[in-house]
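A.B. asks: Take a look at this one; I'll ask things after.
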Amino acid sequence: MTPTRRFARMTVSRRNNVASSPFPPDYPGEYPKIVTPLPGPKAKELIARDARTVSQNLSKDVPLVVARGQGMVIEDVDGNRFLDFAAGISTVSTGHCHPEVVKAVQEQAGRLMHVCYTDFFYPVYVDLCEELSAIAPMRGGKRVFLTNSGAEAVETAMKLARLRTGRQKIVGFFGAFHGRTYGAMTLTASKPVQRKGYGPFLPEVLHTHYAYCYRCPVNRQPESCAVECLDLLTESYLHHSVDPSEVAAVIVEPVQGEGGFIPPHKDFLPRLQDLCHANGILLIADEVQCGMGRTGRMFALEHYGIEPDMIILAKGIASGMPISAVIARDDVMRWNDGGHGSTFGGNPVSCAAALATLRLLKGGLTENAGKVGAYLIDRLRALQGRHAAIGDVRGLGLMVGIEVVADRTSRRPAPQKRHAVIEKAFERGLLTLPCGASTIRLSPPLIAREADADKAVAILDAAFGAAG
Ligand code: PLP
């Protein structure tokens with residue numbers, strides 16, 4: 001099908017808020033395509049300027065300088081084309097510059113760019129809150145608060161949990177990532193470097209084990225597992241040092257992202273929910289990375305049949321425009337007047353981008369993520385026969401992790417090898433990111449086709465070979 005024909009067929013029914021064909025036009029050229037040594041001359045120049053001026057901590061795994069993006073493709077300043085399996089850390093859910101999202105942004109930018117919802121009403125804010133309430137898998141009335149980033153939404157949820165319950169303690173998980181602000185950073189326990197030097201942290205936050213089955217934290221075998229990883233919380237903390245009536249909330253990623261793309265054991269989240277219900281503890285699902293269709297369901301928690309009291313969304317919600325949200329049960333989202341606010345939260349342009357994104361996700365991209373993701377996982381598992389360094393391939397939908405190990409018997413993490421594979425893949429035109437101790441994270445836009453998965457697998461095969 002030619003690009004123009006595909007584009008002509010793409011119409012969006014705004015009445016049902018669903019896209020009739022959610023895919024953008026095909027990219028008008030060959031990809032990936034590398035035409036210079038990497039980094040190319042223009043990229044080198046920009047990287048040198050960055051080194052003189054930009055805050056030094058923003059180090060990169062590969063020297064990519066982006067000029068533009070379209071669909072699955074990123075073009076660098078020297079004309080190299082990359083197949084994007086990073087999607088701006090799982091954010092560009094509908095692909096780069098999807099025409100429907102661009103149109104929504106342009107129209108809204110021409111109408112109203114800012115007025116601050118703390119002070120005045122505007123329709124697109126309410127439209128988005130209604131839409132998010134309608135899709136959230138929680139029974140009964142719901143309310144939504146719009147913010148700017150994942151971390152700000154996490155802070156919002158933490159404040160609300162303490163306010164509503166009158167309790168102080170909050171439980172998070174080892175391996176979790178919730179952001180870089182003080183509350184969110186306190187909850188984060190992914191890598192020590194993310195906390196080192198920044199203490200003291202928020203008081204009354206404790207961490208417990210996540211169901212990371214490939215590296216079971218309590219050394220159980222899959223055959224005999226009874227989710228004993230939860231015992232640290234139930235048998236240790238709650239029996240010895242923490243009265244459950246003092247716990248406001250448990251905040252959990254339904255699939256851990258930064259920690260290593262880890263779908264938990266199937267009984268982990270339901271058991272956690274039972275524990276929360278039994279003790280009046282709010283269950284908060286951080287769907288910042290795993291939500292918005294990425295796992296083949298709109299919310300990753302739908303795979304586990306749980307119903308949280310709050311859901312936190314960001315990243316993929318608006319295809320790259322900055323916005324985040326906290327959805328809470330109606331009776332939970334009750335603030336003191338003036339007790340919370342945000343100047344930019346729910347910016348009109350970002351709201352418009354989010355509404356367009358939701359139409360596309362509901363119009364087929366979520367389903368596509370499930371289908372292409374399953375295909376990608378199968379193809380990657382087949383690669384395990386060729387590369388002993390592939391310890392584990394796991395994921396849901398297009399949230400796929402390849403855990404790189406020294407060997408499959410010891411399962412020792414091999415971060416240097418992981419880095420080498422990411423670099424070799426980059427040299428061949430595939431963008432990936434690391435996560436966890438030694439996992440390669442594959443999180444392409446949800447418009448990816450099986451042909452894109454085939455290209456990525458072929459490049460990864462060559463990259464594992466070249467990495468030695
Ligand atoms: N929560 C999760 C699960 C995340 O993965 C992230 C970011 O990676 C955050 C929260 C923080 O989001 P942000 O970087 O937008 O503050």
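Residue names in the structure tokens use chain letters A, B, ... in the order shown, residue numbers from 1 in each chain, and ligand numbers from 1 in the order shown.
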Could you list, as a PyMOL selection string, all the residues within 9 Å of ligand 1, counting only C-alpha atoms and all ligand atoms?

C.D. replies: chain A and resi 89-90+148-154+176-181+184+188+252-259+286-290+312-315+322-324

A.B. asks: For N, CA and C atoms, I'd like the residues from the last selection saved as an mmCIF file, in the first residue's frame.

C.D. replies:
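Saved to part-v2.cif:
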```cif
data_model
loop_
_atom_site.group_PDB
_atom_site.id
_atom_site.type_symbol
_atom_site.label_atom_id
_atom_site.label_comp_id
_atom_site.auth_asym_id
_atom_site.auth_seq_id
_atom_site.Cartn_x
_atom_site.Cartn_y
_atom_site.Cartn_z
ATOM 1 N N ILE A 89 11.884 6.580 26.088
ATOM 2 C CA ILE A 89 11.530 5.801 27.293
ATOM 3 C C ILE A 89 10.017 5.536 27.317
ATOM 4 N N SER A 90 9.568 4.764 26.370
ATOM 5 C CA SER A 90 8.171 4.264 26.353
ATOM 6 C C SER A 90 7.136 5.389 26.257
ATOM 7 N N ASN A 148 2.257 17.359 35.458
ATOM 8 C CA ASN A 148 3.186 17.544 34.326
ATOM 9 C C ASN A 148 4.099 16.368 34.028
ATOM 10 N N SER A 149 4.448 15.607 35.063
ATOM 11 C CA SER A 149 5.452 14.550 34.879
ATOM 12 C C SER A 149 5.074 13.375 35.766
ATOM 13 N N GLY A 150 5.740 12.251 35.538
ATOM 14 C CA GLY A 150 5.484 11.090 36.374
ATOM 15 C C GLY A 150 5.753 11.397 37.835
ATOM 16 N N ALA A 151 6.887 12.041 38.101
ATOM 17 C CA ALA A 151 7.254 12.327 39.494
ATOM 18 C C ALA A 151 6.217 13.220 40.172
ATOM 19 N N GLU A 152 5.740 14.225 39.450
ATOM 20 C CA GLU A 152 4.751 15.124 40.063
ATOM 21 C C GLU A 152 3.452 14.372 40.373
ATOM 22 N N ALA A 153 3.095 13.443 39.499
ATOM 23 C CA ALA A 153 1.889 12.645 39.757
ATOM 24 C C ALA A 153 2.103 11.725 40.959
ATOM 25 N N VAL A 154 3.305 11.176 41.102
ATOM 26 C CA VAL A 154 3.611 10.319 42.259
ATOM 27 C C VAL A 154 3.517 11.150 43.546
ATOM 28 N N ALA A 176 11.883 -0.650 42.252
ATOM 29 C CA ALA A 176 10.914 0.325 41.735
ATOM 30 C C ALA A 176 11.588 1.624 41.314
ATOM 31 N N PHE A 177 11.005 2.269 40.340
ATOM 32 C CA PHE A 177 11.398 3.633 39.977
ATOM 33 C C PHE A 177 10.135 4.483 39.931
ATOM 34 N N HIS A 178 10.154 5.594 40.661
ATOM 35 C CA HIS A 178 8.972 6.462 40.671
ATOM 36 C C HIS A 178 9.314 7.913 40.354
ATOM 37 N N GLY A 179 10.604 8.247 40.147
ATOM 38 C CA GLY A 179 10.938 9.619 39.782
ATOM 39 C C GLY A 179 12.029 10.197 40.656
ATOM 40 N N ARG A 180 12.337 11.474 40.404
ATOM 41 C CA ARG A 180 13.546 12.087 40.970
ATOM 42 C C ARG A 180 13.260 13.172 41.997
ATOM 43 N N THR A 181 12.015 13.542 42.222
ATOM 44 C CA THR A 181 11.718 14.533 43.252
ATOM 45 C C THR A 181 11.768 13.827 44.613
ATOM 46 N N ALA A 184 9.098 10.988 45.425
ATOM 47 C CA ALA A 184 9.231 9.924 44.421
ATOM 48 C C ALA A 184 10.589 9.243 44.525
ATOM 49 N N THR A 188 11.733 5.359 45.253
ATOM 50 C CA THR A 188 12.543 4.680 44.245
ATOM 51 C C THR A 188 13.621 3.833 44.918
ATOM 52 N N VAL A 252 2.801 0.508 43.702
ATOM 53 C CA VAL A 252 3.435 -0.587 42.966
ATOM 54 C C VAL A 252 3.324 -0.362 41.464
ATOM 55 N N GLU A 253 4.391 -0.704 40.747
ATOM 56 C CA GLU A 253 4.327 -0.741 39.280
ATOM 57 C C GLU A 253 3.766 -2.117 38.896
ATOM 58 N N PRO A 254 2.634 -2.187 38.223
ATOM 59 C CA PRO A 254 2.088 -3.497 37.829
ATOM 60 C C PRO A 254 3.068 -4.314 36.982
ATOM 61 N N VAL A 255 3.883 -3.666 36.179
ATOM 62 C CA VAL A 255 5.058 -4.311 35.576
ATOM 63 C C VAL A 255 6.224 -3.372 35.870
ATOM 64 N N GLN A 256 7.249 -3.868 36.565
ATOM 65 C CA GLN A 256 8.366 -2.961 36.876
ATOM 66 C C GLN A 256 9.085 -2.548 35.593
ATOM 67 N N GLY A 257 9.361 -1.236 35.469
ATOM 68 C CA GLY A 257 9.969 -0.703 34.260
ATOM 69 C C GLY A 257 11.477 -0.568 34.389
ATOM 70 N N GLU A 258 11.896 0.550 34.977
ATOM 71 C CA GLU A 258 13.320 0.834 35.148
ATOM 72 C C GLU A 258 14.044 -0.325 35.841
ATOM 73 N N GLY A 259 13.347 -1.020 36.723
ATOM 74 C CA GLY A 259 13.949 -2.128 37.483
ATOM 75 C C GLY A 259 14.316 -3.324 36.625
ATOM 76 N N ASP A 286 1.275 2.511 39.870
ATOM 77 C CA ASP A 286 2.074 3.438 39.068
ATOM 78 C C ASP A 286 2.190 2.847 37.672
ATOM 79 N N GLU A 287 1.340 3.361 36.773
ATOM 80 C CA GLU A 287 1.304 2.866 35.384
ATOM 81 C C GLU A 287 2.048 3.831 34.458
ATOM 82 N N VAL A 288 2.973 4.600 35.024
ATOM 83 C CA VAL A 288 3.664 5.614 34.221
ATOM 84 C C VAL A 288 4.361 4.979 33.014
ATOM 85 N N GLN A 289 5.027 3.847 33.241
ATOM 86 C CA GLN A 289 5.760 3.229 32.125
ATOM 87 C C GLN A 289 4.959 2.104 31.468
ATOM 88 N N CYS A 290 4.215 1.344 32.269
ATOM 89 C CA CYS A 290 3.561 0.144 31.719
ATOM 90 C C CYS A 290 2.144 0.419 31.236
ATOM 91 N N ILE A 312 -1.646 6.089 38.521
ATOM 92 C CA ILE A 312 -0.781 7.202 38.103
ATOM 93 C C ILE A 312 -0.375 6.967 36.652
ATOM 94 N N LEU A 313 -0.556 7.985 35.825
ATOM 95 C CA LEU A 313 -0.221 7.877 34.399
ATOM 96 C C LEU A 313 0.712 9.010 33.980
ATOM 97 N N ALA A 314 1.574 8.751 33.025
ATOM 98 C CA ALA A 314 2.403 9.817 32.427
ATOM 99 C C ALA A 314 2.929 9.265 31.091
ATOM 100 N N LYS A 315 4.175 9.498 30.788
ATOM 101 C CA LYS A 315 4.853 8.993 29.584
ATOM 102 C C LYS A 315 3.928 8.869 28.358
ATOM 103 N N PRO A 322 4.246 16.872 27.439
ATOM 104 C CA PRO A 322 4.345 16.650 28.885
ATOM 105 C C PRO A 322 3.005 16.795 29.610
ATOM 106 N N ILE A 323 2.550 15.696 30.159
ATOM 107 C CA ILE A 323 1.335 15.691 30.975
ATOM 108 C C ILE A 323 1.299 14.379 31.749
ATOM 109 N N SER A 324 0.707 14.416 32.931
ATOM 110 C CA SER A 324 0.527 13.192 33.712
ATOM 111 C C SER A 324 -0.786 13.315 34.464
#
```

A.B. asks: Please give the complete set of residues from range 147-353 of chain A that DSSP, run on the backbone, assigns to strand (DSSP E or B), formatted as JSON, numbers by chain.

C.D. replies: {"A": [147, 169, 170, 171, 172, 173, 205, 206, 207, 208, 247, 248, 249, 250, 251, 252, 256, 262, 282, 283, 284, 285, 286, 310, 311, 312, 313, 324, 325, 326, 327, 328, 329]}

A.B. asks: What does the structure give for the distance between CA of Leu442 in chain A and CA of Gly401 in chain A, in Å to one decimal?

C.D. replies: 6.1 Å

A.B. asks: Going by DSSP on the backbone, which bits of range 357-401 of chain A are helix (DSSP H, G or I)? Write them as a count of residues only, please.

C.D. replies: 27

A.B. asks: With a distance cut-off of 6 Å and only C-alpha atoms, select the neighbouring residues of range 429-441 of chain A, excluding the residue or stretch itself and same-chain residues fewer than 6 positions from it, and output the selection as a PyMOL selection string.

C.D. replies: chain A and resi 32+82-86+258-260+401-404+413-415+418

A.B. asks: Hey, which bits of range 237-312 of chain A sit within 10 Å of range 344-358 of chain A, and for each residue what's the closest pair of atoms and how far apart in Å (one decimal), counting only C-alpha atoms, rows by chain and increasing number, as JSON lines?

C.D. replies:
```
{"residue": "A:Met292", "atom": "CA", "partner": "A:Leu358", "partner_atom": "CA", "distance": 8.0}
{"residue": "A:Gly293", "atom": "CA", "partner": "A:Leu358", "partner_atom": "CA", "distance": 9.2}
{"residue": "A:Met298", "atom": "CA", "partner": "A:Leu358", "partner_atom": "CA", "distance": 9.4}
```

A.B. asks: Pick the closest to Phe464 in chain A from A:Ala189, A:Ala211, A:Leu383, A:Val66: which is it, counting only C-alpha atoms?

C.D. replies: A:Leu383

A.B. asks: Please identify all polymer residues within 6 Å of Gly370 in chain A, counting only C-alpha atoms, omitting same-chain residues fewer than 2 positions from it, and present them as a PDB file with N, CA and C atoms, in the first residue's frame.

C.D. replies:
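Result file is part.pdb:
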```
ATOM      1  N   GLY A 296      -0.565  -4.229  25.783  1.00  0.00           N
ATOM      2  CA  GLY A 296      -1.634  -4.907  25.050  1.00  0.00           C
ATOM      3  C   GLY A 296      -2.985  -4.750  25.734  1.00  0.00           C
ATOM      4  N   GLU A 367      -4.357  -2.961  20.869  1.00  0.00           N
ATOM      5  CA  GLU A 367      -4.473  -4.338  20.363  1.00  0.00           C
ATOM      6  C   GLU A 367      -3.217  -4.714  19.563  1.00  0.00           C
ATOM      7  N   ASN A 368      -2.750  -3.757  18.754  1.00  0.00           N
ATOM      8  CA  ASN A 368      -1.540  -4.010  17.965  1.00  0.00           C
ATOM      9  C   ASN A 368      -0.336  -4.289  18.864  1.00  0.00           C
ATOM     10  N   VAL A 372       1.804  -7.598  18.182  1.00  0.00           N
ATOM     11  CA  VAL A 372       3.202  -7.505  17.720  1.00  0.00           C
ATOM     12  C   VAL A 372       4.167  -7.844  18.867  1.00  0.00           C
ATOM     13  N   GLY A 373       3.758  -7.498  20.090  1.00  0.00           N
ATOM     14  CA  GLY A 373       4.599  -7.831  21.249  1.00  0.00           C
ATOM     15  C   GLY A 373       4.767  -9.339  21.403  1.00  0.00           C
ATOM     16  N   GLY A 397       3.023  -7.469  25.844  1.00  0.00           N
ATOM     17  CA  GLY A 397       2.864  -6.538  24.732  1.00  0.00           C
ATOM     18  C   GLY A 397       4.207  -6.022  24.273  1.00  0.00           C
TER      19      GLY A 397
END
```
